[in-house]
Each structure stands twice: as C-alpha cells, then as structure tokens.
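S.K.: This is run_10.cif (mmCIF, C-alpha atoms).
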```
data_structure
loop_
_atom_site.label_atom_id
_atom_site.label_comp_id
_atom_site.auth_asym_id
_atom_site.auth_seq_id
_atom_site.Cartn_x
_atom_site.Cartn_y
_atom_site.Cartn_z
CA MET V 1 -16.24 52.82 39.53
CA ILE V 2 -14.13 49.67 39.23
CA ARG V 3 -13.49 47.70 36.07
CA SER V 4 -15.90 45.00 34.94
CA GLY V 5 -13.15 42.40 35.30
CA LEU V 6 -12.84 43.10 39.04
CA ILE V 7 -16.60 42.96 39.45
CA LEU V 8 -16.62 39.52 37.84
CA MET V 9 -13.83 38.33 40.17
CA ILE V 10 -15.79 39.58 43.20
CA LYS V 11 -18.90 37.71 42.09
CA GLU V 12 -16.97 34.50 41.41
CA SER V 13 -15.33 34.65 44.85
CA ALA V 14 -18.67 35.30 46.50
CA ALA V 15 -20.15 32.30 44.71
CA LYS V 16 -17.46 30.19 46.38
CA GLY V 17 -18.67 31.33 49.81
CA LYS V 18 -15.93 33.84 50.58
CA SER V 19 -16.69 36.81 52.87
CA ALA V 20 -16.45 40.48 51.86
CA TYR V 21 -13.36 40.83 54.04
CA ALA V 22 -11.59 37.88 52.43
CA ILE V 23 -12.48 39.14 48.97
CA SER V 24 -11.19 42.63 49.75
CA ARG V 25 -7.85 41.24 50.93
CA GLU V 26 -7.55 38.90 47.94
CA ILE V 27 -8.48 41.32 45.15
CA GLY V 28 -7.27 44.60 46.69
CA VAL V 29 -10.54 46.55 46.98
CA SER V 30 -12.27 47.93 50.03
CA LYS V 31 -14.58 45.72 52.06
CA ASN V 32 -17.56 47.97 51.30
CA THR V 33 -16.87 47.78 47.56
CA ALA V 34 -16.66 44.01 47.76
CA ARG V 35 -19.93 43.85 49.71
CA LYS V 36 -21.62 46.20 47.19
CA TYR V 37 -20.86 44.08 44.16
CA MET V 38 -21.39 40.78 45.98
CA SER V 39 -25.08 41.48 46.33
CA GLN V 40 -25.55 43.32 43.04
CA PRO V 41 -27.52 41.24 40.49
CA ALA V 42 -25.77 40.51 37.17
CA THR V 43 -26.94 42.73 34.31
CA PRO V 44 -26.45 41.76 30.67
CA HIS V 45 -24.06 43.79 28.57
CA GLY V 46 -25.83 46.48 26.62
CA LEU V 47 -24.40 45.33 23.31
CA LYS V 48 -25.02 41.63 23.89
CA GLY V 49 -27.26 40.20 21.19
CA VAL V 50 -27.05 43.28 19.01
CA LYS V 51 -26.01 42.37 15.48
CA LYS V 52 -23.92 44.81 13.55
CA GLY V 53 -25.17 45.46 10.06
CA SER V 54 -22.97 45.11 6.97
CA LYS V 55 -22.89 46.55 3.49
CA LEU V 56 -23.84 43.12 2.17
CA ASP V 57 -27.18 42.83 4.00
CA ALA V 58 -29.19 44.68 1.38
CA TYR V 59 -27.79 42.43 -1.37
CA LYS V 60 -28.28 39.05 0.29
CA PRO V 61 -31.63 38.37 -1.46
CA LEU V 62 -29.86 38.91 -4.81
CA LEU V 63 -26.98 36.64 -3.70
CA ASP V 64 -29.40 33.92 -2.62
CA GLU V 65 -31.09 34.05 -6.00
CA LYS V 66 -27.75 33.72 -7.83
CA MET V 67 -26.73 30.75 -5.67
CA ARG V 68 -30.04 29.04 -6.39
CA GLN V 69 -29.00 29.32 -10.04
CA GLY V 70 -25.76 27.47 -9.17
CA ILE V 71 -23.47 30.51 -9.23
CA TYR V 72 -20.95 30.32 -6.36
CA ASN V 73 -17.90 31.92 -7.97
CA CYS V 74 -17.26 34.97 -5.80
CA VAL V 75 -15.49 36.87 -8.59
CA VAL V 76 -18.58 36.56 -10.78
CA LEU V 77 -20.89 37.39 -7.90
CA LEU V 78 -18.87 40.47 -6.96
CA GLU V 79 -19.14 41.84 -10.51
CA GLN V 80 -22.91 41.40 -10.48
CA LEU V 81 -23.22 42.98 -7.02
CA ARG V 82 -21.14 45.95 -8.15
CA GLU V 83 -23.58 46.48 -11.00
CA ALA V 84 -26.38 46.48 -8.42
CA GLY V 85 -24.60 49.15 -6.32
CA TYR V 86 -22.65 47.08 -3.78
CA THR V 87 -19.65 49.00 -2.39
CA GLY V 88 -18.32 46.39 0.07
CA GLY V 89 -15.30 44.12 -0.29
CA MET V 90 -14.62 40.53 -1.31
CA SER V 91 -13.91 39.07 2.16
CA ILE V 92 -17.39 39.59 3.57
CA LEU V 93 -18.85 38.18 0.34
CA LYS V 94 -16.68 35.02 0.60
CA ASP V 95 -17.64 34.51 4.24
CA TYR V 96 -21.33 34.60 3.35
CA VAL V 97 -21.09 32.35 0.25
CA HIS V 98 -18.83 29.78 1.94
CA GLN V 99 -21.58 28.47 4.24
CA PHE V 100 -23.72 27.55 1.21
CA ARG V 101 -21.03 26.11 -1.07
CA SER V 102 -20.77 22.29 -1.18
CA ALA V 103 -17.42 20.69 -0.42
CA LYS V 104 -15.87 19.77 -3.76
CA SER V 105 -13.03 17.80 -2.20
CA ALA V 106 -15.37 15.38 -0.47
CA PRO V 107 -18.62 15.03 -2.44
CA ALA V 108 -21.35 12.99 -0.87
CA VAL V 109 -21.55 9.36 -1.90
CA ARG V 110 -24.08 6.63 -1.35
CA CYS V 111 -23.21 4.00 1.24
CA TYR V 112 -23.06 0.78 -0.77
CA GLU V 113 -23.31 -2.56 1.02
CA THR V 114 -22.17 -5.56 -1.02
CA PRO V 115 -23.93 -8.91 -1.03
CA SER V 116 -22.12 -11.93 0.33
CA GLY V 117 -19.25 -13.05 -1.88
CA LYS V 118 -19.88 -10.27 -4.39
CA GLN V 119 -16.82 -8.05 -4.17
CA ALA V 120 -13.37 -7.47 -2.76
CA GLN V 121 -11.47 -4.18 -2.96
CA MET V 122 -7.68 -3.99 -3.21
CA ASP V 123 -5.02 -1.29 -3.25
CA TRP V 124 -1.37 -0.47 -2.50
CA GLY V 125 0.05 1.77 0.20
CA ILE V 126 3.66 2.90 0.61
CA CYS V 127 5.26 2.89 4.07
CA GLN V 128 8.70 3.87 5.31
CA TYR V 129 10.94 2.19 7.86
CA GLU V 130 14.39 2.86 9.28
CA ASP V 131 17.09 0.19 9.29
CA GLN V 132 19.70 -0.36 12.00
CA GLU V 133 22.03 2.18 10.37
CA GLY V 134 19.31 4.84 10.40
CA ARG V 135 18.69 4.70 6.64
CA LEU V 136 15.13 5.10 5.37
CA HIS V 137 13.59 2.46 3.10
CA LYS V 138 10.23 2.22 1.36
CA VAL V 139 8.09 -0.89 1.46
CA ALA V 140 4.83 -1.56 -0.36
CA ALA V 141 1.73 -2.73 1.52
CA PHE V 142 -0.84 -4.74 -0.43
CA VAL V 143 -4.30 -4.66 1.18
CA MET V 144 -7.58 -6.37 0.32
CA ILE V 145 -10.95 -6.28 2.08
CA LEU V 146 -14.12 -8.27 1.43
CA GLY V 147 -17.11 -5.99 0.97
CA TYR V 148 -19.65 -8.09 2.87
CA SER V 149 -17.79 -9.42 5.91
CA ARG V 150 -15.12 -6.65 6.03
CA ALA V 151 -12.48 -9.36 6.54
CA LYS V 152 -9.03 -7.91 5.86
CA TYR V 153 -5.75 -9.11 4.40
CA ALA V 154 -2.46 -7.18 4.23
CA GLU V 155 1.01 -8.13 3.03
CA PHE V 156 4.26 -6.19 2.65
CA VAL V 157 6.41 -6.72 -0.44
CA SER V 158 9.46 -5.11 -2.02
CA ARG V 159 7.78 -4.01 -5.26
CA CYS V 160 4.38 -3.24 -6.78
CA ASP V 161 4.78 -4.96 -10.16
CA LEU V 162 2.35 -7.42 -11.75
CA HIS V 163 4.10 -10.53 -10.43
CA SER V 164 3.95 -9.21 -6.86
CA LEU V 165 0.30 -8.20 -7.30
CA GLU V 166 -0.66 -11.68 -8.54
CA ARG V 167 1.20 -13.42 -5.70
CA CYS V 168 -0.40 -11.16 -3.09
CA MET V 169 -3.88 -11.71 -4.54
CA ILE V 170 -3.43 -15.50 -4.47
CA ASN V 171 -2.22 -15.28 -0.86
CA ALA V 172 -5.28 -13.17 0.02
CA PHE V 173 -7.67 -15.63 -1.66
CA ARG V 174 -6.04 -18.52 0.23
CA TYR V 175 -6.35 -16.58 3.48
CA PHE V 176 -10.07 -15.89 2.86
CA GLY V 177 -10.66 -19.45 1.73
CA GLY V 178 -12.05 -18.57 -1.69
CA VAL V 179 -12.33 -16.06 -4.54
CA PRO V 180 -14.88 -13.19 -4.67
CA ASN V 181 -17.02 -12.73 -7.74
CA GLU V 182 -15.32 -9.44 -8.61
CA VAL V 183 -12.29 -7.43 -7.47
CA LEU V 184 -12.43 -3.63 -7.52
CA THR V 185 -9.26 -1.58 -7.83
CA ASP V 186 -8.13 1.83 -9.00
CA ASN V 187 -6.53 2.50 -12.38
CA MET V 188 -3.10 1.08 -11.51
CA LYS V 189 -0.80 0.41 -14.49
CA THR V 190 -0.51 -3.29 -13.69
CA VAL V 191 -4.27 -3.58 -14.26
CA VAL V 192 -5.25 -0.85 -16.74
CA VAL V 193 -3.08 0.09 -19.72
CA SER V 194 -5.19 3.07 -20.81
CA ARG V 195 -8.72 4.46 -21.23
CA GLU V 196 -10.23 5.51 -24.53
CA ALA V 197 -13.59 7.30 -24.65
CA GLY V 198 -14.55 5.77 -21.32
CA ARG V 199 -13.49 2.29 -22.42
CA VAL V 200 -10.94 0.43 -20.29
CA ASN V 201 -7.97 -1.17 -22.05
CA TRP V 202 -6.95 -3.93 -19.67
CA ASN V 203 -3.49 -5.34 -19.14
CA THR V 204 -3.96 -8.67 -20.92
CA GLN V 205 -1.65 -10.50 -18.51
CA PHE V 206 -3.86 -9.40 -15.63
CA THR V 207 -7.08 -10.40 -17.40
CA ASP V 208 -5.57 -13.83 -18.12
CA PHE V 209 -4.82 -14.11 -14.42
CA ALA V 210 -8.39 -13.03 -13.55
CA VAL V 211 -9.86 -15.67 -15.85
CA GLU V 212 -7.80 -18.45 -14.31
CA MET V 213 -8.56 -17.31 -10.76
CA GLY V 214 -12.28 -16.93 -11.56
CA PHE V 215 -12.99 -13.29 -10.67
CA ILE V 216 -14.18 -10.33 -12.75
CA PRO V 217 -11.88 -7.25 -12.59
CA LYS V 218 -13.52 -3.88 -11.96
CA VAL V 219 -11.99 -0.40 -11.82
CA CYS V 220 -13.38 2.68 -10.13
CA ARG V 221 -14.07 5.87 -12.03
CA VAL V 222 -11.08 8.12 -12.73
CA ARG V 223 -10.40 10.57 -9.86
CA MET V 224 -13.19 8.98 -7.83
CA PRO V 225 -11.32 6.94 -5.17
CA GLN V 226 -14.28 7.13 -2.79
CA THR V 227 -16.01 4.48 -4.91
CA LYS V 228 -13.62 2.03 -3.23
CA GLY V 229 -13.80 3.71 0.15
CA LYS V 230 -13.55 0.47 2.16
CA VAL V 231 -10.03 -0.29 0.99
CA GLU V 232 -9.02 3.40 1.07
CA ARG V 233 -9.81 3.42 4.79
CA LEU V 234 -7.97 0.14 5.26
CA VAL V 235 -4.81 1.53 3.62
CA ARG V 236 -4.92 4.51 5.96
CA TYR V 237 -5.62 2.19 8.92
CA VAL V 238 -2.55 0.06 8.12
CA LYS V 239 -0.30 3.10 7.62
CA GLU V 240 -1.50 4.97 10.71
CA ASN V 241 -2.45 2.25 13.20
CA PHE V 242 -0.37 -0.82 12.42
CA PHE V 243 2.94 0.35 10.97
CA PRO V 244 4.12 3.28 13.16
CA GLY V 245 6.58 2.08 15.81
CA ARG V 246 6.50 -1.49 14.51
CA ARG V 247 9.68 -3.53 15.13
CA PHE V 248 10.55 -6.41 12.80
CA ILE V 249 13.53 -8.43 11.61
CA ASP V 250 12.68 -8.85 7.93
CA LEU V 251 9.65 -8.93 5.63
CA GLU V 252 8.79 -12.48 6.65
CA ASP V 253 8.66 -11.44 10.31
CA LEU V 254 6.73 -8.27 9.41
CA ASN V 255 4.13 -10.25 7.44
CA GLN V 256 3.62 -12.70 10.30
CA GLN V 257 2.89 -9.72 12.55
CA THR V 258 0.61 -8.27 9.87
CA LEU V 259 -1.56 -11.39 9.66
CA ALA V 260 -1.78 -11.58 13.46
CA TRP V 261 -2.89 -7.93 13.49
CA CYS V 262 -5.53 -8.60 10.80
CA ARG V 263 -6.98 -11.46 12.85
CA THR V 264 -6.99 -9.31 16.01
CA VAL V 265 -8.75 -6.40 14.28
CA ASP V 266 -11.27 -8.70 12.60
CA SER V 267 -12.09 -10.31 15.94
CA LYS V 268 -13.64 -7.03 17.08
CA GLN V 269 -17.03 -5.56 16.21
CA HIS V 270 -16.93 -3.53 13.01
CA GLY V 271 -17.97 0.09 13.45
CA THR V 272 -20.24 0.18 10.38
CA THR V 273 -21.80 -3.28 10.24
CA GLY V 274 -21.87 -3.88 14.00
CA LYS V 275 -20.71 -7.47 13.30
CA ILE V 276 -17.44 -9.35 13.82
CA PRO V 277 -15.66 -9.76 10.43
CA LEU V 278 -14.07 -13.13 11.25
CA HIS V 279 -17.50 -14.54 12.14
CA GLU V 280 -19.05 -13.10 8.97
CA LEU V 281 -16.20 -14.49 6.82
CA ALA V 282 -17.79 -17.93 7.21
CA ASN V 283 -20.92 -16.51 5.54
CA GLU V 284 -19.11 -15.14 2.49
CA SER V 285 -20.31 -17.01 -0.60
CA LEU V 286 -16.87 -17.18 -2.19
CA LEU V 287 -15.97 -19.11 -5.32
CA PRO V 288 -13.66 -22.11 -4.85
CA LEU V 289 -9.92 -21.64 -5.20
CA PRO V 290 -8.40 -22.78 -8.51
CA PRO V 291 -6.32 -26.00 -8.49
CA PRO V 292 -2.87 -25.78 -6.82
CA GLU V 293 -1.09 -26.17 -10.15
CA VAL V 294 -2.86 -23.02 -11.43
CA GLN V 295 -1.98 -21.08 -8.30
CA ASP V 296 1.65 -22.22 -8.42
CA ARG V 297 2.01 -21.04 -12.01
CA TYR V 298 1.64 -17.45 -10.82
CA ARG V 299 4.18 -17.86 -8.05
CA TRP V 300 7.02 -18.32 -10.57
CA GLU V 301 8.99 -15.63 -12.35
CA ILE V 302 11.35 -16.11 -15.31
CA ARG V 303 14.87 -14.74 -14.94
CA THR V 304 18.07 -14.94 -17.02
CA VAL V 305 21.24 -15.97 -15.19
CA THR V 306 24.04 -13.39 -15.60
CA ARG V 307 27.56 -14.24 -16.78
CA GLU V 308 28.60 -14.16 -13.12
CA GLY V 309 26.06 -16.88 -12.28
CA LEU V 310 23.60 -14.54 -10.51
CA VAL V 311 19.80 -14.26 -10.61
CA SER V 312 18.07 -10.99 -9.66
CA PHE V 313 14.88 -11.14 -7.59
CA ASP V 314 13.34 -8.25 -5.60
CA GLY V 315 16.54 -6.23 -5.95
CA ILE V 316 18.76 -9.01 -4.53
CA ARG V 317 21.16 -11.14 -6.62
CA TYR V 318 21.28 -14.83 -5.75
CA GLY V 319 23.97 -17.26 -6.87
CA VAL V 320 23.49 -20.44 -8.95
CA PRO V 321 26.08 -22.85 -10.38
CA TRP V 322 28.14 -21.00 -13.02
CA GLN V 323 27.33 -23.62 -15.66
CA TYR V 324 23.81 -22.08 -16.01
CA SER V 325 25.05 -18.60 -16.97
CA GLY V 326 22.95 -17.16 -19.79
CA LYS V 327 20.12 -19.65 -19.30
CA GLU V 328 16.51 -18.85 -18.35
CA VAL V 329 15.48 -20.14 -14.94
CA GLN V 330 12.32 -20.05 -12.82
CA VAL V 331 12.36 -18.25 -9.48
CA ARG V 332 9.81 -18.18 -6.69
CA LEU V 333 9.46 -17.01 -3.10
CA CYS V 334 8.25 -19.93 -0.98
CA ASN V 335 7.98 -19.93 2.82
CA GLY V 336 10.68 -17.31 3.22
CA ASP V 337 13.09 -19.01 0.77
CA ILE V 338 14.10 -18.12 -2.78
CA GLU V 339 13.99 -21.26 -4.93
CA ILE V 340 15.67 -21.27 -8.36
CA TYR V 341 14.85 -24.06 -10.83
CA TYR V 342 16.07 -25.02 -14.29
CA GLY V 343 13.27 -27.17 -15.63
CA GLU V 344 12.65 -29.72 -12.90
CA THR V 345 16.13 -29.29 -11.38
CA LEU V 346 16.50 -27.23 -8.19
CA LEU V 347 19.67 -25.19 -8.76
CA ALA V 348 19.74 -23.21 -5.53
CA LYS V 349 17.72 -22.39 -2.42
CA HIS V 350 18.51 -19.21 -0.49
CA LYS V 351 17.02 -17.53 2.54
CA ALA V 352 15.11 -14.54 1.16
CA GLN V 353 16.78 -11.17 1.76
CA TYR V 354 15.00 -7.82 1.86
CA HIS V 355 17.66 -5.11 1.58
CA SER V 356 18.23 -4.35 -2.10
CA GLY V 357 21.73 -4.35 -3.54
CA LYS V 358 22.98 -7.49 -1.76
CA ILE V 359 24.65 -10.47 -3.44
CA ILE V 360 24.00 -13.89 -1.90
CA TRP V 361 26.58 -16.40 -3.09
CA LEU V 362 26.01 -20.11 -3.46
CA PRO V 363 28.66 -22.31 -1.79
CA GLY V 364 30.75 -23.93 -4.54
CA GLN V 365 29.18 -21.65 -7.13
CA TYR V 366 32.38 -21.42 -9.24
CA ARG V 367 33.74 -24.92 -8.69
CA GLY V 368 35.42 -26.14 -11.89
CA LEU V 369 35.16 -22.78 -13.67
CA ALA V 370 38.94 -22.22 -13.98
CA GLU V 371 39.57 -25.70 -15.34
CA CYS V 372 36.88 -25.25 -18.00
CA GLY V 373 37.86 -21.69 -18.84
CA GLY V 374 34.35 -20.55 -18.04
CA ILE V 375 32.82 -22.71 -20.78
CA ALA V 376 30.22 -25.16 -19.55
CA LEU V 377 29.93 -27.10 -22.83
CA PRO V 378 32.59 -29.71 -23.83
CA ARG V 379 35.42 -28.30 -25.97
CA PRO V 380 35.61 -29.39 -29.62
CA VAL V 381 38.77 -31.57 -29.60
CA ALA V 382 40.07 -34.67 -31.44
CA GLN V 383 40.29 -38.05 -29.74
CA GLN V 384 43.31 -40.31 -29.66
CA GLN V 385 42.60 -43.98 -30.29
CA GLY V 386 44.37 -46.76 -28.38
CA MET V 387 47.18 -48.55 -30.35
CA GLN V 388 47.83 -52.35 -30.48
CA VAL V 389 51.53 -53.30 -30.99
CA GLU V 390 52.10 -56.51 -33.04
CA VAL V 391 54.84 -58.79 -31.70
CA ARG V 392 57.10 -60.02 -34.57
CA SER V 393 60.19 -62.23 -34.77
CA LEU V 394 63.73 -60.99 -35.54
CA SER V 395 63.76 -62.79 -38.92
CA PHE V 396 61.03 -60.42 -40.11
CA TYR V 397 63.28 -57.42 -39.54
CA ASP V 398 66.25 -59.23 -41.16
CA HIS V 399 64.24 -59.74 -44.28
CA LEU V 400 63.05 -56.12 -44.20
CA LEU V 401 66.62 -54.84 -44.05
CA GLY V 402 67.93 -57.24 -46.70
CA GLY V 403 70.19 -59.11 -44.38
CA MET V 404 71.95 -55.92 -43.17
CA ALA V 405 71.22 -56.85 -39.59
CA HIS V 406 73.96 -59.59 -39.79
CA GLY V 407 76.45 -57.63 -41.92
#
```
Rewrite the structure of this file - the entire thing - as structure tokens.
M.R.:
Amino acid sequence: MIRSGLILMIKESAAKGKSAYAISREIGVSKNTARKYMSQPATPHGLKGVKKGSKLDAYKPLLDEKMRQGIYNCVVLLEQLREAGYTGGMSILKDYVHQFRSAKSAPAVRCYETPSGKQAQMDWGICQYEDQEGRLHKVAAFVMILGYSRAKYAEFVSRCDLHSLERCMINAFRYFGGVPNEVLTDNMKTVVVSREAGRVNWNTQFTDFAVEMGFIPKVCRVRMPQTKGKVERLVRYVKENFFPGRRFIDLEDLNQQTLAWCRTVDSKQHGTTGKIPLHELANESLLPLPPPEVQDRYRWEIRTVTREGLVSFDGIRYGVPWQYSGKEVQVRLCNGDIEIYYGETLLAKHKAQYHSGKIIWLPGQYRGLAECGGIALPRPVAQQQGMQVEVRSLSFYDHLLGGMAHG
C-alpha cells in the first residue's frame, strides 16, 4: 500500500487530464497502481471531524457561570476549579477564557459625529529626519482636524512650547477661515497644569489665549485618548503616510509641502463620512477670526539680548546691533524670516534657520563697539567751554608791570 501523499499526487495529476502512463513515469509508481488510485473515489479521513476531549470539558459550565459574574482572572478561576476537582493545567484554561475576555487595550467607544462648527481636535506628533551629514533630528508636527468636515491642518515646528502652540493654532484658524466653538486636546502641560479631584487646573496663559480667540478649551479624560480619535488617526496618518521618504530643504519648504498634502487629501472622499472635506469646509459654521492686532499679539515672543548682541529663537542665535545688549526685544517668525524689534524699531531681519546651535550674525553688528568700550550710553565726562581772548594795548601791560617793560 502506498502512502496517502502519493495517492493525493496521483489524483491531482489525473484531475489535470494526465494518463496513467504519464503519472507512473512522473511519480515513480507502476501504471496499474496509478490507474487504481485514479479511479478510486476520495474517502474522508477517519479522524476528520472528531473532537478530542479535554480535562476542562466537565468544568466549562462552572467556568461560564464564573465569567457571567465578571471573573476572568485565570489564577482565581484555576483555584476555584481545583476545589471542584479539576486536574488540568493553566494553558488550556487560558485558551478557553481568552475568547470571552474583552480587549482592555481597545475598549469600545461610541462613534461621535460633531455638528457643524462645534469642535476641532488638536495634538502633537514627533517625527525624525536625517540631515545631509546623516545626523538624526526630531521635529514636532502640530495637527488639527475639524470634527464636522474632517478638514485637516498640519504644521512642523522646532518646539512644542506654548508660544509655538498658539502660533500654530492661529495659523490653523486662518487656514480654515474661522474659529470652532471648542477645541479638544489631551492633557498637555501647555494647556493643563494639573488635575485635582477631577477638576482641571488650566494654564492661565492658554485660557487667556482661548478667550481672545473665542473658543472653549476642552480636554479628554485621562488615559482615554480614543475620545479624540479623529486627531489621533490624523497624527498617525501624517507620521506614516506623509513624512516617510519626504525630501525638503528647511521647515518653510516642508510646511509648504504639508499644506499641499492636506489640500490633496481633503480633496478626496472621506472614508467615514463619504464626503469631500474641502467641500464640507464651506459648510462649517465657524466663528469669525479675531482682529489682526489680536492675532499678531500672539505671534511675538519676548527675548533678552545677550552681552554678545544675540537673541535666541528656536535654538538659533540671531545678531542685533550691540548697543541693545541687555535689553528686552520682541521676536517673531513671519513669512520665513525672523524679525527682531525694539519698540517700533526693526533691529534686524534674518532668514529663519532650522538647525539648532547656529549663530547668525548681523552685518555691522559690532560697528563702533571698540571706540565706545562696549558701553552704549554716553560716558560721564566734563565739557570744555570755548575761550574768548581780549585784545589789549601794550600800555596796559606797562602799567601792570610798573614800567619794568621799558627798564
């Protein structure tokens, strides 16, 4: 009798229309053997469909009763089964209980659709890129999505502090054309200082910003990120679909590509709503943007000029005239340039750099420093007055000398 594997090969070859002779030559059996098994009907395996019993079978009704009571801890269940006479092991018990246990890591949540203009969700994501020397750098991605239209905004920045968050939010509102009624975020330190007995202690600077922009800040429950699932998916989408393999010159170039990508993605039908986000953006009932002077106030940051005449911004030091050393100045990022003002006076304008640790000097930054000894204020000195010389005759001097001039 030949092996079952050869019988199967004979039947498969016969199903392809091969003759007994061809099969015998191909497989290495006699022609009569090939012919015998070619015509033999397939018979099911004797053990097929037979379930092997286990030591746990007799105790499954007891297990089911315990699980209906909410007991799924296999250590506890094993102790109770032992008391009932169970002699089996833990593995078979775990295999049986696993199919009934709910997934704790991904609890079910209700799909929540937001009304028009009601809510935006925002978050940060951290990406990595490699520079021309092969060194790895981290860059922060700010993302915001409108709950109703699913319109998206993303922007890459050097840091995740409050100033950067406020600038990114203003840029997002300008991109959307208005402000949502509320903005939902997680418990980031720039927004929430602490929680006490379920009460949120807000960062007062952020709440001041929210009041002036016109939105109500909201935070999701602690350790419940799925309550802002729309933006969680967007962060993952940016990190996995947009960023890998991306080539860019600097952050300005990267952000131009990012906005183009957002518009491309939002021009397609959304998988959940079945609508095109850019079309639905026109139907978002957003609040009007605050006046430009209010927006601009949050684009400025206060910095102190160092003794060397440098101002630090996003990890880069930019030069200003040395006379302003020690003074407080206002700095902003505007259209790819770093602008540094003292009051209403523009001290310096530099092309924004994005690799931390650099120093960008201002041409003529130290002009006149040596002559002034590094002191910008006038020195405390006396002043010489101009003298007027009186013209007198020789007789005056003769009289003064008592006639000695002729002696």
S.K.: With only C-alpha atoms as the basis for distance, which of V:Val305, V:Leu146, V:Val29, V:Ala58 is at the shortest distance from Lys230 (chain V)?
M.R.: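 With only C-alpha atoms as the atom set, the closest residue is V:Leu146.
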S.K.: Pick from V:Pro321, V:Gln330, V:Tyr341, V:Arg150: nearest to Leu362 (chain V), with all atoms listed in the file counted?
M.R.: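 Of V:Pro321, V:Gln330, V:Tyr341, V:Arg150, the one nearest Leu362 (chain V) is V:Pro321, counting all atoms listed in the file.
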S.K.: Compare V:Glu65, V:Val139, V:Thr304, V:Gly315 by their minimum atom-to-atom distance to Val331 (chain V), counting only C-alpha atoms, and give me the closest one.
M.R.: V:Thr304
S.K.: When the PyMOL selection byres ((chain V and resi 210-219) around 10) is applied to the file above, which residues end up in the set, as an NGL selection string?
M.R.: :V and (118-121 or 166 or 169-170 or 173 or 178-188 or 191-192 or 200 or 202 or 204-209 or 220-222 or 225 or 227-228 or 287-291 or 294-295)
S.K.: To one decimal place, how far is CA of Ser325 (chain V) from CA of Leu347 (chain V) in Å?
M.R.: 11.8 Å
S.K.: Just to confirm, what's the straight-line distance from CA of Arg174 (chain V) to CA of Ala140 (chain V) in Å (one decimal)?
M.R.: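 According to the coordinates, CA of Arg174 (chain V) and CA of Ala140 (chain V) are separated by 20.2 Å.
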S.K.: Using the chain letters and numbers from the file, which residues does the PyMOL selection byres ((chain V and resi 89) around 12) grab, as a VMD selection string?
M.R.: chain V and resid 54 to 56 74 to 75 77 to 79 81 to 82 86 to 88 90 to 96
S.K.: Ranking V:Asn255, V:Ser19, V:Gln365, V:Ser149 by minimum distance to Ala34 (chain V) and counting only C-alpha atoms, which one comes first?
M.R.: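 Residue with the minimum atom-to-atom distance to Ala34 (chain V): V:Ser19.
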S.K.: With distances taken over all atoms listed in the file, which residue among V:Arg332, V:Arg246, V:His270, V:Arg233 lies nearest Ala348 (chain V)?
M.R.: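 Between V:Arg332, V:Arg246, V:His270, V:Arg233, the residue approaching Ala348 (chain V) most closely is V:Arg332.
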S.K.: Skipping near chain neighbours, those fewer than 6 positions away, what residues fall within 12 Å of Glu83 (chain V) using all atoms listed in the file, listed as a list in words?
M.R.: Tyr59, Leu62, Val76 and Leu77 of chain V
S.K.: Which residues are near region 299-303 of chain V? Cut-off 10 Å, all atoms listed in the file, ignore same chain within fewer than 3 positions. Put them as a ChimeraX atom specification.
M.R.: /V:163-164,166-168,170-171,294-296,306,310-313,326-334,339-341
S.K.: Apply the PyMOL selection byres ((chain V and resi 138) around 8) to the file shown and report the selected residues as JSON, numbers by chain.
M.R.: {"V": [126, 127, 128, 129, 136, 137, 139, 140]}
S.K.: So which residues touch Gly28 (chain V) within 12 Å, counting only C-alpha atoms, skipping near sequence neighbours fewer than 3 positions away, as a PDB file with C-alpha atoms, in the frame of the given file?
M.R.:
```pdb
ATOM      1  CA  ILE V   2     -14.130  49.670  39.230  1.00  0.00           C
ATOM      2  CA  LEU V   6     -12.840  43.100  39.040  1.00  0.00           C
ATOM      3  CA  ILE V   7     -16.600  42.960  39.450  1.00  0.00           C
ATOM      4  CA  MET V   9     -13.830  38.330  40.170  1.00  0.00           C
ATOM      5  CA  ILE V  10     -15.790  39.580  43.200  1.00  0.00           C
ATOM      6  CA  ALA V  20     -16.450  40.480  51.860  1.00  0.00           C
ATOM      7  CA  TYR V  21     -13.360  40.830  54.040  1.00  0.00           C
ATOM      8  CA  ALA V  22     -11.590  37.880  52.430  1.00  0.00           C
ATOM      9  CA  ILE V  23     -12.480  39.140  48.970  1.00  0.00           C
ATOM     10  CA  SER V  24     -11.190  42.630  49.750  1.00  0.00           C
ATOM     11  CA  ARG V  25      -7.850  41.240  50.930  1.00  0.00           C
ATOM     12  CA  LYS V  31     -14.580  45.720  52.060  1.00  0.00           C
ATOM     13  CA  ASN V  32     -17.560  47.970  51.300  1.00  0.00           C
ATOM     14  CA  THR V  33     -16.870  47.780  47.560  1.00  0.00           C
ATOM     15  CA  ALA V  34     -16.660  44.010  47.760  1.00  0.00           C
TER      16      ALA V  34
END
```
S.K.: Here is a test: counting all atoms listed in the file, which residue of V:Asp131, V:Asp253, V:Glu371, V:Glu308 is nearest to Val320 (chain V)?
M.R.: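 Looking only at the distances to Val320 (chain V), the closest residue turns out to be V:Glu308.
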S.K.: For CA of Arg101 (chain V) and CA of Tyr72 (chain V), determine how far apart the two atoms are, in Å to one decimal place.
M.R.: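 One can read the CA of Arg101 (chain V) to CA of Tyr72 (chain V) distance as 6.8 Å.
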